[in-house]
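Enquirer: Got a file for you: entry28.pdb, PDB, C-alpha atoms, pLDDT in the B column.
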```pdb
ATOM      1  CA  MET A   1     -18.298 -31.922 -21.866  1.00 42.00           C
ATOM      2  CA  GLU A   2     -15.353 -29.839 -20.862  1.00 49.00           C
ATOM      3  CA  GLY A   3     -12.422 -31.910 -19.683  1.00 50.00           C
ATOM      4  CA  VAL A   4     -10.559 -31.263 -16.439  1.00 54.00           C
ATOM      5  CA  TRP A   5      -7.705 -29.633 -18.312  1.00 55.00           C
ATOM      6  CA  GLY A   6     -10.055 -27.166 -19.948  1.00 58.00           C
ATOM      7  CA  ARG A   7     -10.825 -25.559 -16.605  1.00 62.00           C
ATOM      8  CA  LEU A   8      -7.337 -25.328 -15.237  1.00 74.00           C
ATOM      9  CA  PHE A   9      -5.371 -22.179 -15.653  1.00 82.00           C
ATOM     10  CA  ILE A  10      -2.165 -20.765 -14.358  1.00 91.00           C
ATOM     11  CA  LEU A  11      -1.228 -17.147 -14.741  1.00 94.00           C
ATOM     12  CA  LYS A  12       2.303 -15.981 -14.071  1.00 96.00           C
ATOM     13  CA  LEU A  13       3.602 -12.486 -13.534  1.00 97.00           C
ATOM     14  CA  ILE A  14       7.192 -11.463 -12.909  1.00 98.00           C
ATOM     15  CA  PHE A  15       8.495  -8.084 -11.706  1.00 98.00           C
ATOM     16  CA  SER A  16      11.902  -6.823 -10.708  1.00 97.00           C
ATOM     17  CA  ILE A  17      12.609  -4.470  -7.823  1.00 97.00           C
ATOM     18  CA  GLN A  18      15.619  -2.210  -7.405  1.00 97.00           C
ATOM     19  CA  GLY A  19      16.929  -1.676  -3.881  1.00 97.00           C
ATOM     20  CA  GLY A  20      16.542   1.940  -2.745  1.00 95.00           C
ATOM     21  CA  ASP A  21      14.094   2.811  -5.532  1.00 95.00           C
ATOM     22  CA  PHE A  22      11.095   4.062  -3.589  1.00 94.00           C
ATOM     23  CA  THR A  23       9.609   5.758  -6.665  1.00 90.00           C
ATOM     24  CA  HIS A  24       8.477   2.432  -8.112  1.00 91.00           C
ATOM     25  CA  ALA A  25       7.484   0.744  -4.868  1.00 93.00           C
ATOM     26  CA  GLY A  26       3.918  -0.421  -5.253  1.00 94.00           C
ATOM     27  CA  HIS A  27       4.040  -1.121  -8.981  1.00 95.00           C
ATOM     28  CA  PRO A  28       3.873  -4.949  -8.700  1.00 97.00           C
ATOM     29  CA  SER A  29       1.100  -4.635  -6.067  1.00 97.00           C
ATOM     30  CA  SER A  30      -0.856  -2.347  -8.339  1.00 96.00           C
ATOM     31  CA  GLU A  31      -0.536  -4.718 -11.332  1.00 97.00           C
ATOM     32  CA  VAL A  32      -1.497  -7.765  -9.263  1.00 98.00           C
ATOM     33  CA  LYS A  33      -4.512  -5.879  -7.900  1.00 97.00           C
ATOM     34  CA  LYS A  34      -5.689  -5.117 -11.454  1.00 96.00           C
ATOM     35  CA  VAL A  35      -5.316  -8.737 -12.566  1.00 97.00           C
ATOM     36  CA  LEU A  36      -7.174 -10.091  -9.518  1.00 97.00           C
ATOM     37  CA  LYS A  37     -10.005  -7.618 -10.113  1.00 96.00           C
ATOM     38  CA  GLN A  38     -10.270  -8.807 -13.713  1.00 95.00           C
ATOM     39  CA  LEU A  39     -10.421 -12.391 -12.448  1.00 94.00           C
ATOM     40  CA  ASP A  40     -13.298 -11.326 -10.186  1.00 94.00           C
ATOM     41  CA  ILE A  41     -11.575 -12.419  -6.972  1.00 96.00           C
ATOM     42  CA  ASP A  42     -13.457 -11.148  -3.911  1.00 95.00           C
ATOM     43  CA  GLY A  43     -12.571  -7.703  -2.593  1.00 96.00           C
ATOM     44  CA  LYS A  44     -11.436  -8.776   0.875  1.00 96.00           C
ATOM     45  CA  THR A  45      -8.965 -11.305  -0.528  1.00 97.00           C
ATOM     46  CA  ILE A  46      -7.577  -8.734  -2.979  1.00 97.00           C
ATOM     47  CA  LYS A  47      -7.126  -6.230  -0.139  1.00 96.00           C
ATOM     48  CA  ASN A  48      -5.197  -8.777   1.942  1.00 97.00           C
ATOM     49  CA  ILE A  49      -2.919  -9.723  -0.941  1.00 98.00           C
ATOM     50  CA  VAL A  50      -2.220  -6.097  -1.856  1.00 97.00           C
ATOM     51  CA  ILE A  51      -1.228  -5.231   1.728  1.00 96.00           C
ATOM     52  CA  ALA A  52       1.093  -8.239   2.030  1.00 97.00           C
ATOM     53  CA  LEU A  53       2.738  -7.743  -1.360  1.00 98.00           C
ATOM     54  CA  TYR A  54       3.239  -4.018  -0.873  1.00 97.00           C
ATOM     55  CA  GLU A  55       4.970  -4.650   2.457  1.00 97.00           C
ATOM     56  CA  ALA A  56       7.184  -7.286   0.863  1.00 97.00           C
ATOM     57  CA  GLU A  57       8.107  -4.869  -1.921  1.00 97.00           C
ATOM     58  CA  VAL A  58       8.966  -2.125   0.544  1.00 97.00           C
ATOM     59  CA  ASN A  59      11.158  -4.542   2.487  1.00 97.00           C
ATOM     60  CA  VAL A  60      13.204  -5.241  -0.638  1.00 97.00           C
ATOM     61  CA  VAL A  61      13.437  -1.539  -1.544  1.00 97.00           C
ATOM     62  CA  ALA A  62      14.371  -0.543   2.013  1.00 96.00           C
ATOM     63  CA  HIS A  63      16.825  -3.320   2.832  1.00 97.00           C
ATOM     64  CA  ALA A  64      18.048  -5.249  -0.196  1.00 97.00           C
ATOM     65  CA  TRP A  65      20.051  -4.522  -3.335  1.00 97.00           C
ATOM     66  CA  ARG A  66      17.654  -6.008  -5.818  1.00 97.00           C
ATOM     67  CA  GLY A  67      14.849  -8.478  -5.950  1.00 98.00           C
ATOM     68  CA  THR A  68      12.170 -10.181  -7.989  1.00 98.00           C
ATOM     69  CA  VAL A  69       8.490 -10.812  -7.473  1.00 98.00           C
ATOM     70  CA  ASP A  70       7.113 -14.027  -8.986  1.00 98.00           C
ATOM     71  CA  VAL A  71       3.367 -14.346  -8.916  1.00 98.00           C
ATOM     72  CA  GLU A  72       1.480 -17.504  -9.780  1.00 97.00           C
ATOM     73  CA  ILE A  73      -2.291 -17.500  -9.865  1.00 96.00           C
ATOM     74  CA  ASP A  74      -4.435 -20.576 -10.369  1.00 94.00           C
ATOM     75  CA  GLU A  75      -8.141 -21.137  -9.774  1.00 91.00           C
ATOM     76  CA  SER A  76      -7.789 -21.801  -6.072  1.00 94.00           C
ATOM     77  CA  LYS A  77      -4.966 -19.569  -4.862  1.00 96.00           C
ATOM     78  CA  ILE A  78      -2.268 -17.002  -5.472  1.00 97.00           C
ATOM     79  CA  THR A  79       1.345 -17.779  -4.611  1.00 98.00           C
ATOM     80  CA  ILE A  80       3.810 -14.909  -4.422  1.00 98.00           C
ATOM     81  CA  LEU A  81       7.539 -15.403  -4.161  1.00 98.00           C
ATOM     82  CA  VAL A  82       9.608 -12.332  -3.312  1.00 98.00           C
ATOM     83  CA  SER A  83      13.326 -13.070  -3.500  1.00 98.00           C
ATOM     84  CA  ASP A  84      16.085 -10.593  -2.933  1.00 98.00           C
ATOM     85  CA  GLU A  85      19.822 -10.291  -2.987  1.00 98.00           C
ATOM     86  CA  GLY A  86      20.527  -8.436   0.202  1.00 97.00           C
ATOM     87  CA  PRO A  87      21.857  -8.508   3.728  1.00 97.00           C
ATOM     88  CA  GLY A  88      19.496 -11.262   4.872  1.00 97.00           C
ATOM     89  CA  ILE A  89      17.752 -11.546   8.228  1.00 97.00           C
ATOM     90  CA  PRO A  90      19.916 -12.914  11.080  1.00 96.00           C
ATOM     91  CA  ASP A  91      16.986 -13.635  13.402  1.00 97.00           C
ATOM     92  CA  ILE A  92      13.663 -14.166  11.641  1.00 96.00           C
ATOM     93  CA  GLU A  93      11.710 -14.632  14.869  1.00 96.00           C
ATOM     94  CA  GLN A  94      12.908 -11.246  16.100  1.00 96.00           C
ATOM     95  CA  ALA A  95      12.136  -9.632  12.738  1.00 96.00           C
ATOM     96  CA  MET A  96       8.557 -10.929  12.961  1.00 96.00           C
ATOM     97  CA  GLN A  97       7.947  -9.041  16.203  1.00 95.00           C
ATOM     98  CA  ALA A  98       5.771  -5.949  15.815  1.00 95.00           C
ATOM     99  CA  GLY A  99       7.884  -2.830  16.253  1.00 95.00           C
ATOM    100  CA  PHE A 100      11.237  -4.443  15.538  1.00 96.00           C
ATOM    101  CA  SER A 101      13.015  -2.642  12.720  1.00 96.00           C
ATOM    102  CA  THR A 102      16.484  -2.215  11.266  1.00 95.00           C
ATOM    103  CA  ALA A 103      15.428   0.488   8.784  1.00 95.00           C
ATOM    104  CA  SER A 104      17.664   3.501   8.184  1.00 95.00           C
ATOM    105  CA  LYS A 105      16.861   6.979   9.440  1.00 95.00           C
ATOM    106  CA  GLN A 106      15.866   8.157   5.940  1.00 94.00           C
ATOM    107  CA  VAL A 107      13.510   5.239   5.469  1.00 95.00           C
ATOM    108  CA  ARG A 108      11.912   5.963   8.849  1.00 95.00           C
ATOM    109  CA  GLU A 109      11.483   9.631   8.010  1.00 94.00           C
ATOM    110  CA  MET A 110       9.415   8.595   4.987  1.00 95.00           C
ATOM    111  CA  GLY A 111       7.049   6.842   7.361  1.00 95.00           C
ATOM    112  CA  PHE A 112       8.325   3.339   6.701  1.00 95.00           C
ATOM    113  CA  GLY A 113      10.417   1.185   9.016  1.00 93.00           C
ATOM    114  CA  ALA A 114       8.053   1.115  11.961  1.00 94.00           C
ATOM    115  CA  GLY A 115       8.414  -2.634  12.346  1.00 95.00           C
ATOM    116  CA  MET A 116       4.944  -3.307  10.985  1.00 94.00           C
ATOM    117  CA  GLY A 117       5.832  -4.853   7.625  1.00 95.00           C
ATOM    118  CA  LEU A 118       6.331  -8.517   8.467  1.00 96.00           C
ATOM    119  CA  PRO A 119       3.455  -8.558  10.999  1.00 95.00           C
ATOM    120  CA  ASN A 120       1.205  -7.012   8.305  1.00 95.00           C
ATOM    121  CA  MET A 121       2.313  -9.746   5.892  1.00 97.00           C
ATOM    122  CA  LYS A 122       1.591 -12.465   8.453  1.00 97.00           C
ATOM    123  CA  LYS A 123      -1.833 -11.024   9.215  1.00 97.00           C
ATOM    124  CA  ASN A 124      -2.863 -10.795   5.575  1.00 97.00           C
ATOM    125  CA  THR A 125      -1.716 -14.131   4.162  1.00 98.00           C
ATOM    126  CA  ASP A 126      -2.909 -17.697   4.664  1.00 98.00           C
ATOM    127  CA  GLU A 127       0.650 -19.012   4.554  1.00 98.00           C
ATOM    128  CA  LEU A 128       3.922 -17.138   4.984  1.00 98.00           C
ATOM    129  CA  TYR A 129       7.370 -18.715   4.744  1.00 98.00           C
ATOM    130  CA  ILE A 130      10.644 -16.834   5.136  1.00 98.00           C
ATOM    131  CA  GLU A 131      14.053 -18.194   4.301  1.00 98.00           C
ATOM    132  CA  SER A 132      17.119 -16.061   4.709  1.00 98.00           C
ATOM    133  CA  GLU A 133      20.858 -16.298   4.505  1.00 98.00           C
ATOM    134  CA  VAL A 134      22.913 -13.502   6.027  1.00 98.00           C
ATOM    135  CA  GLY A 135      24.962 -11.697   3.377  1.00 97.00           C
ATOM    136  CA  LYS A 136      23.104 -13.425   0.530  1.00 98.00           C
ATOM    137  CA  GLY A 137      19.438 -12.577   0.649  1.00 98.00           C
ATOM    138  CA  THR A 138      15.920 -13.418   1.661  1.00 98.00           C
ATOM    139  CA  THR A 139      13.052 -15.286   0.048  1.00 98.00           C
ATOM    140  CA  VAL A 140       9.491 -14.790   1.183  1.00 98.00           C
ATOM    141  CA  LYS A 141       6.693 -17.049   0.018  1.00 98.00           C
ATOM    142  CA  MET A 142       3.108 -15.972   0.544  1.00 98.00           C
ATOM    143  CA  VAL A 143       0.003 -17.957  -0.276  1.00 98.00           C
ATOM    144  CA  ASN A 144      -3.582 -16.690  -0.252  1.00 98.00           C
ATOM    145  CA  ASN A 145      -6.433 -19.061  -0.979  1.00 97.00           C
ATOM    146  CA  PHE A 146      -9.412 -17.816  -2.938  1.00 95.00           C
ATOM    147  CA  SER A 147     -12.700 -18.340  -1.152  1.00 83.00           C
TER     148      SER A 147
ATOM    149  CA  MET B   1     -20.321  13.133   1.473  1.00 95.00           C
ATOM    150  CA  LYS B   2     -18.111  13.904  -1.502  1.00 98.00           C
ATOM    151  CA  VAL B   3     -14.517  15.153  -1.481  1.00 98.00           C
ATOM    152  CA  SER B   4     -15.667  18.443  -3.034  1.00 98.00           C
ATOM    153  CA  GLU B   5     -17.917  19.066  -0.019  1.00 98.00           C
ATOM    154  CA  ILE B   6     -15.104  18.784   2.515  1.00 98.00           C
ATOM    155  CA  VAL B   7     -12.931  21.000   0.285  1.00 98.00           C
ATOM    156  CA  GLU B   8     -15.600  23.655   0.481  1.00 98.00           C
ATOM    157  CA  LYS B   9     -16.562  23.250   4.136  1.00 97.00           C
ATOM    158  CA  LEU B  10     -13.033  22.927   5.517  1.00 98.00           C
ATOM    159  CA  LYS B  11     -11.588  25.486   3.076  1.00 98.00           C
ATOM    160  CA  LEU B  12      -8.992  23.075   1.728  1.00 98.00           C
ATOM    161  CA  LYS B  13      -6.527  23.817  -1.030  1.00 98.00           C
ATOM    162  CA  VAL B  14      -6.696  21.418  -4.008  1.00 98.00           C
ATOM    163  CA  TYR B  15      -3.172  20.606  -5.201  1.00 98.00           C
ATOM    164  CA  SER B  16      -3.984  17.854  -7.696  1.00 98.00           C
ATOM    165  CA  GLY B  17      -6.289  15.040  -8.724  1.00 98.00           C
ATOM    166  CA  GLN B  18      -9.201  17.414  -9.464  1.00 98.00           C
ATOM    167  CA  LYS B  19     -10.974  14.683 -11.419  1.00 98.00           C
ATOM    168  CA  GLY B  20     -11.429  12.749  -8.192  1.00 98.00           C
ATOM    169  CA  LEU B  21     -13.306  15.509  -6.355  1.00 98.00           C
ATOM    170  CA  ASP B  22     -16.606  13.687  -6.752  1.00 98.00           C
ATOM    171  CA  ARG B  23     -15.289  10.600  -4.928  1.00 98.00           C
ATOM    172  CA  GLU B  24     -17.496   9.495  -2.074  1.00 98.00           C
ATOM    173  CA  ILE B  25     -15.963   9.582   1.430  1.00 97.00           C
ATOM    174  CA  SER B  26     -16.543   6.772   3.921  1.00 96.00           C
ATOM    175  CA  GLY B  27     -14.557   8.243   6.832  1.00 96.00           C
ATOM    176  CA  GLY B  28     -11.094   9.413   7.790  1.00 97.00           C
ATOM    177  CA  TYR B  29      -7.754   7.985   8.861  1.00 98.00           C
ATOM    178  CA  VAL B  30      -4.906   9.836  10.557  1.00 98.00           C
ATOM    179  CA  SER B  31      -1.347   8.497  10.467  1.00 98.00           C
ATOM    180  CA  ASP B  32       2.153   9.308   9.290  1.00 97.00           C
ATOM    181  CA  LEU B  33       3.255   5.670   9.367  1.00 96.00           C
ATOM    182  CA  LEU B  34       2.754   4.181   5.936  1.00 96.00           C
ATOM    183  CA  SER B  35       2.487   0.575   7.077  1.00 94.00           C
ATOM    184  CA  ASP B  36      -0.181   1.608   9.550  1.00 96.00           C
ATOM    185  CA  VAL B  37      -2.239   3.149   6.762  1.00 97.00           C
ATOM    186  CA  MET B  38      -1.519   0.158   4.518  1.00 96.00           C
ATOM    187  CA  GLY B  39      -2.699  -2.239   7.204  1.00 95.00           C
ATOM    188  CA  ASN B  40      -5.573  -0.336   8.766  1.00 96.00           C
ATOM    189  CA  ALA B  41      -7.093   2.368   6.547  1.00 97.00           C
ATOM    190  CA  ARG B  42     -10.263   1.420   4.708  1.00 97.00           C
ATOM    191  CA  GLU B  43     -11.575   2.048   1.234  1.00 97.00           C
ATOM    192  CA  GLY B  44     -13.034   5.526   0.695  1.00 98.00           C
ATOM    193  CA  GLU B  45     -11.379   7.134   3.695  1.00 98.00           C
ATOM    194  CA  VAL B  46      -9.650  10.514   3.660  1.00 98.00           C
ATOM    195  CA  TRP B  47      -6.067  10.228   4.868  1.00 98.00           C
ATOM    196  CA  ILE B  48      -4.659  13.082   6.949  1.00 98.00           C
ATOM    197  CA  THR B  49      -0.834  13.133   7.011  1.00 98.00           C
ATOM    198  CA  LEU B  50       2.340  15.197   6.923  1.00 98.00           C
ATOM    199  CA  GLN B  51       4.071  12.843   4.469  1.00 97.00           C
ATOM    200  CA  VAL B  52       4.405  14.513   1.054  1.00 98.00           C
ATOM    201  CA  HIS B  53       6.330  11.958  -1.060  1.00 97.00           C
ATOM    202  CA  GLN B  54       4.836   9.848  -3.805  1.00 95.00           C
ATOM    203  CA  ASN B  55       4.615   6.636  -1.818  1.00 97.00           C
ATOM    204  CA  VAL B  56       1.639   8.304  -0.171  1.00 98.00           C
ATOM    205  CA  MET B  57      -0.127   8.118  -3.530  1.00 97.00           C
ATOM    206  CA  ALA B  58       0.932   4.507  -4.091  1.00 96.00           C
ATOM    207  CA  ILE B  59      -0.776   3.628  -0.816  1.00 97.00           C
ATOM    208  CA  ALA B  60      -3.809   5.859  -1.453  1.00 98.00           C
ATOM    209  CA  SER B  61      -4.288   4.123  -4.782  1.00 97.00           C
ATOM    210  CA  LEU B  62      -3.710   0.563  -3.519  1.00 96.00           C
ATOM    211  CA  LYS B  63      -6.150   1.169  -0.653  1.00 97.00           C
ATOM    212  CA  ASP B  64      -8.724   3.018  -2.816  1.00 97.00           C
ATOM    213  CA  LEU B  65      -8.691   6.030  -0.490  1.00 98.00           C
ATOM    214  CA  ALA B  66     -10.885   9.012  -1.404  1.00 98.00           C
ATOM    215  CA  ALA B  67      -8.321  11.785  -0.873  1.00 98.00           C
ATOM    216  CA  VAL B  68      -5.217  12.847   1.029  1.00 98.00           C
ATOM    217  CA  ILE B  69      -5.058  15.972   3.213  1.00 98.00           C
ATOM    218  CA  LEU B  70      -1.615  17.446   3.897  1.00 98.00           C
ATOM    219  CA  VAL B  71      -1.413  19.445   7.121  1.00 98.00           C
ATOM    220  CA  ASN B  72       0.574  22.506   8.287  1.00 98.00           C
ATOM    221  CA  ASN B  73       0.735  24.073   4.796  1.00 98.00           C
ATOM    222  CA  LEU B  74       2.893  21.189   3.547  1.00 98.00           C
ATOM    223  CA  GLU B  75       2.957  20.813  -0.229  1.00 98.00           C
ATOM    224  CA  PRO B  76       3.114  17.589  -2.239  1.00 98.00           C
ATOM    225  CA  LEU B  77       6.323  16.762  -4.129  1.00 97.00           C
ATOM    226  CA  GLU B  78       6.207  16.935  -7.911  1.00 97.00           C
ATOM    227  CA  ASN B  79       5.887  13.194  -8.504  1.00 95.00           C
ATOM    228  CA  THR B  80       3.208  13.012  -5.818  1.00 97.00           C
ATOM    229  CA  VAL B  81       1.192  15.518  -7.865  1.00 98.00           C
ATOM    230  CA  ARG B  82       1.757  13.511 -11.042  1.00 97.00           C
ATOM    231  CA  HIS B  83       0.699  10.255  -9.425  1.00 96.00           C
ATOM    232  CA  SER B  84      -2.367  11.947  -7.883  1.00 98.00           C
ATOM    233  CA  ASN B  85      -3.456  13.219 -11.312  1.00 98.00           C
ATOM    234  CA  ASP B  86      -2.866   9.801 -12.895  1.00 96.00           C
ATOM    235  CA  GLU B  87      -4.961   8.060 -10.262  1.00 96.00           C
ATOM    236  CA  ASN B  88      -7.590  10.806  -9.884  1.00 97.00           C
ATOM    237  CA  ILE B  89      -7.124  10.829  -6.128  1.00 98.00           C
ATOM    238  CA  PRO B  90      -7.058  14.447  -4.897  1.00 98.00           C
ATOM    239  CA  VAL B  91      -4.231  15.779  -2.756  1.00 98.00           C
ATOM    240  CA  LEU B  92      -5.630  18.548  -0.571  1.00 98.00           C
ATOM    241  CA  GLY B  93      -3.967  20.943   1.836  1.00 98.00           C
ATOM    242  CA  THR B  94      -4.670  22.935   4.967  1.00 98.00           C
ATOM    243  CA  SER B  95      -2.791  25.392   7.164  1.00 98.00           C
ATOM    244  CA  LEU B  96      -4.237  23.633  10.203  1.00 98.00           C
ATOM    245  CA  SER B  97      -2.435  21.018  12.285  1.00 98.00           C
ATOM    246  CA  THR B  98      -3.354  17.339  12.178  1.00 98.00           C
ATOM    247  CA  PHE B  99      -5.250  17.670  15.471  1.00 98.00           C
ATOM    248  CA  GLU B 100      -7.345  20.588  14.267  1.00 98.00           C
ATOM    249  CA  ILE B 101      -8.209  19.305  10.801  1.00 98.00           C
ATOM    250  CA  ALA B 102      -8.974  15.801  12.093  1.00 98.00           C
ATOM    251  CA  GLY B 103     -11.298  17.324  14.689  1.00 98.00           C
ATOM    252  CA  LYS B 104     -13.112  19.379  12.064  1.00 98.00           C
ATOM    253  CA  LEU B 105     -13.458  16.455   9.690  1.00 97.00           C
ATOM    254  CA  TYR B 106     -14.753  14.244  12.487  1.00 97.00           C
ATOM    255  CA  GLN B 107     -17.303  16.887  13.446  1.00 96.00           C
ATOM    256  CA  LEU B 108     -18.433  17.271   9.848  1.00 95.00           C
ATOM    257  CA  PHE B 109     -18.913  13.526   9.637  1.00 89.00           C
ATOM    258  CA  ASN B 110     -20.922  13.281  12.828  1.00 87.00           C
ATOM    259  CA  GLN B 111     -23.279  16.199  12.297  1.00 83.00           C
TER     260      GLN B 111
END
```
Can I see the file as structure tokens?
Expert:
Amino acid sequence: MEGVWGRLFILKLIFSIQGGDFTHAGHPSSEVKKVLKQLDIDGKTIKNIVIALYEAEVNVVAHAWRGTVDVEIDESKITILVSDEGPGIPDIEQAMQAGFSTASKQVREMGFGAGMGLPNMKKNTDELYIESEVGKGTTVKMVNNFS
Amino acid sequence: MKVSEIVEKLKLKVYSGQKGLDREISGGYVSDLLSDVMGNAREGEVWITLQVHQNVMAIASLKDLAAVILVNNLEPLENTVRHSNDENIPVLGTSLSTFEIAGKLYQLFNQ
């Protein structure tokens, strides 16, 4: 008989993000999507995770100086930690409002910065936690349970 | 309906991603806001936009879209073309405006 420990697994992935580097935005999301497909996670859950992670990545690229994405997958859930060194968010409640944005003109011209990122992340995760310190950076934790 | 059929019927230019021309289309989505497409477009849709940079392809790939149509004779940037070829998601083009091409695509879909 297989013991409890035989069935447990934890998979970790780590990516770094450079502020301002829009050419690589989406790389961590794409890798995570591939891994989840290989693990046979259901399509709807993968779609939700990809949307939330992509938005988190774009936030780092658009606002911060640099950041990391730490992904931890076990049998029941995926936990994604996106931490950046950046300007931080003075008022998280305000930032969560649909349409609120502090993105630059260039970022908006690319079609980002419409104030939909954080609401998209909220909508597509089971748990979302944001901690931020002005002038230091922001950490976003997202959890999606596998059905 | 396959991507190749709308290329033919709507007289679209094929900029890149030729290998994806046999992708099956499930519908269309029109938006120039990337987060809107990220949040609301569905798998297999054709995305009509005026954005030409490579983040368009990142989103098309993450969302498993069938193809991208650039309006008003806009051309994709070089790395957009590269990404489109890597992912086999065609980037198409038209001289028509968003309104006109969306109308034609909608009509084609509801025949």
Enquirer: With a cut-off of 12 Å and counting all atoms listed in the file, select all residues of chain A in contact with chain B and give the selection as number ranges by chain.
Expert: A: 21-34, 43-44, 46-59, 98-99, 107-124
Enquirer: Grab the CA of Ser147 in chain A to CA of Leu81 in chain A distance for me, in Å with one decimal place.
Expert: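 Interatomic distance, CA of Ser147 in chain A to CA of Leu81 in chain A: 20.7 Å.
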Enquirer: Rank A:Glu72, A:Glu85, A:Glu133, A:Asp42 by their smallest atom-to-atom distance to Ile17 in chain A, using only C-alpha atoms, and report the top residue only.
Expert: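 The shortest atom-to-atom distance to Ile17 in chain A comes from A:Glu85.
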Enquirer: Identify, on the basis of only C-alpha atoms, every residue whose closest approach to range 1-13 of chain B does not exceed 7 Å; exclude the query and any residue fewer than 2 positions from it along the same chain; express the result as a list of chain:residue names.
Expert: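 Using only C-alpha atoms, the neighbours found are B:Tyr15, B:Leu21, B:Asp22, B:Arg23, B:Glu24, B:Ile25, B:Leu92, B:Gly93, B:Thr94.
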Enquirer: Could you dump the residues just selected with C-alpha atoms as a compact mmCIF listing (two decimals), in the frame of the given file?
Expert:
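Output below, filename result.txt:
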```txt
# COMPACT_ATOMS: atom_id res chain seq x y z
CA TYR B 15 -3.17 20.61 -5.20
CA LEU B 21 -13.31 15.51 -6.36
CA ASP B 22 -16.61 13.69 -6.75
CA ARG B 23 -15.29 10.60 -4.93
CA GLU B 24 -17.50 9.49 -2.07
CA ILE B 25 -15.96 9.58 1.43
CA LEU B 92 -5.63 18.55 -0.57
CA GLY B 93 -3.97 20.94 1.84
CA THR B 94 -4.67 22.94 4.97
```
Enquirer: For CA of Asn88 in chain B and CA of Gly17 in chain B, determine how far apart the two atoms are, in Å to one decimal place.
Expert: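 About the pair CA of Asn88 in chain B and CA of Gly17 in chain B: they are 4.6 Å apart.
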Enquirer: I'd like the residues picked by the PyMOL selection byres ((chain B and resi 104) around 12) written out as a PyMOL selection string, using the chain letters and numbers from the file.
Expert: chain B and resi 6-7+9-12+28+48+94+96-103+105-111
Enquirer: So that I have them on file, write out the residues from the current selection with C-alpha atoms, as a compact mmCIF listing (two decimals), keeping the file's coordinate frame.
Expert:
```txt
# COMPACT_ATOMS: atom_id res chain seq x y z
CA ILE B 6 -15.10 18.78 2.52
CA VAL B 7 -12.93 21.00 0.28
CA LYS B 9 -16.56 23.25 4.14
CA LEU B 10 -13.03 22.93 5.52
CA LYS B 11 -11.59 25.49 3.08
CA LEU B 12 -8.99 23.08 1.73
CA GLY B 28 -11.09 9.41 7.79
CA ILE B 48 -4.66 13.08 6.95
CA THR B 94 -4.67 22.94 4.97
CA LEU B 96 -4.24 23.63 10.20
CA SER B 97 -2.44 21.02 12.28
CA THR B 98 -3.35 17.34 12.18
CA PHE B 99 -5.25 17.67 15.47
CA GLU B 100 -7.34 20.59 14.27
CA ILE B 101 -8.21 19.30 10.80
CA ALA B 102 -8.97 15.80 12.09
CA GLY B 103 -11.30 17.32 14.69
CA LEU B 105 -13.46 16.45 9.69
CA TYR B 106 -14.75 14.24 12.49
CA GLN B 107 -17.30 16.89 13.45
CA LEU B 108 -18.43 17.27 9.85
CA PHE B 109 -18.91 13.53 9.64
CA ASN B 110 -20.92 13.28 12.83
CA GLN B 111 -23.28 16.20 12.30
```
Enquirer: How would you write, as an MDAnalysis selection string, the residues chosen by the PyMOL selection byres ((chain B and resi 18) around 8) on this structure?
Expert: chainID B and resid 14 16:17 19:21 85 88:90
Enquirer: One number please: CA of Phe146 in chain A to CA of Ile78 in chain A, in Å, one decimal.
Expert: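 CA of Phe146 in chain A sits 7.6 Å away from CA of Ile78 in chain A.
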Enquirer: For a quick check of understanding, using all atoms listed in the file, which of A:Lys136, A:Ile14, A:Val143, A:Asp74 has the smallest distance to Gly88 in chain A?
Expert: A:Lys136
Enquirer: Using only C-alpha atoms, which of A:Ile89, A:Ile73, A:Ala103, A:Leu8 sits nearest Asn144 in chain A?
Expert: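 Result for the nearest residue to Asn144 in chain A: A:Ile73.
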Enquirer: Go through A:Met96, A:Glu131, A:Asp84, A:Lys37 and flag the residue nearest Arg66 in chain A, using all atoms listed in the file for the distances.
Expert: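 That would be A:Asp84, the residue with the smallest distance to Arg66 in chain A.
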Enquirer: I'd like to know which of B:Ala60, B:Ser95, B:Glu87, B:Val30 is closest to Glu75 in chain B, using only C-alpha atoms.
Expert: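 Closest candidate: B:Ser95.
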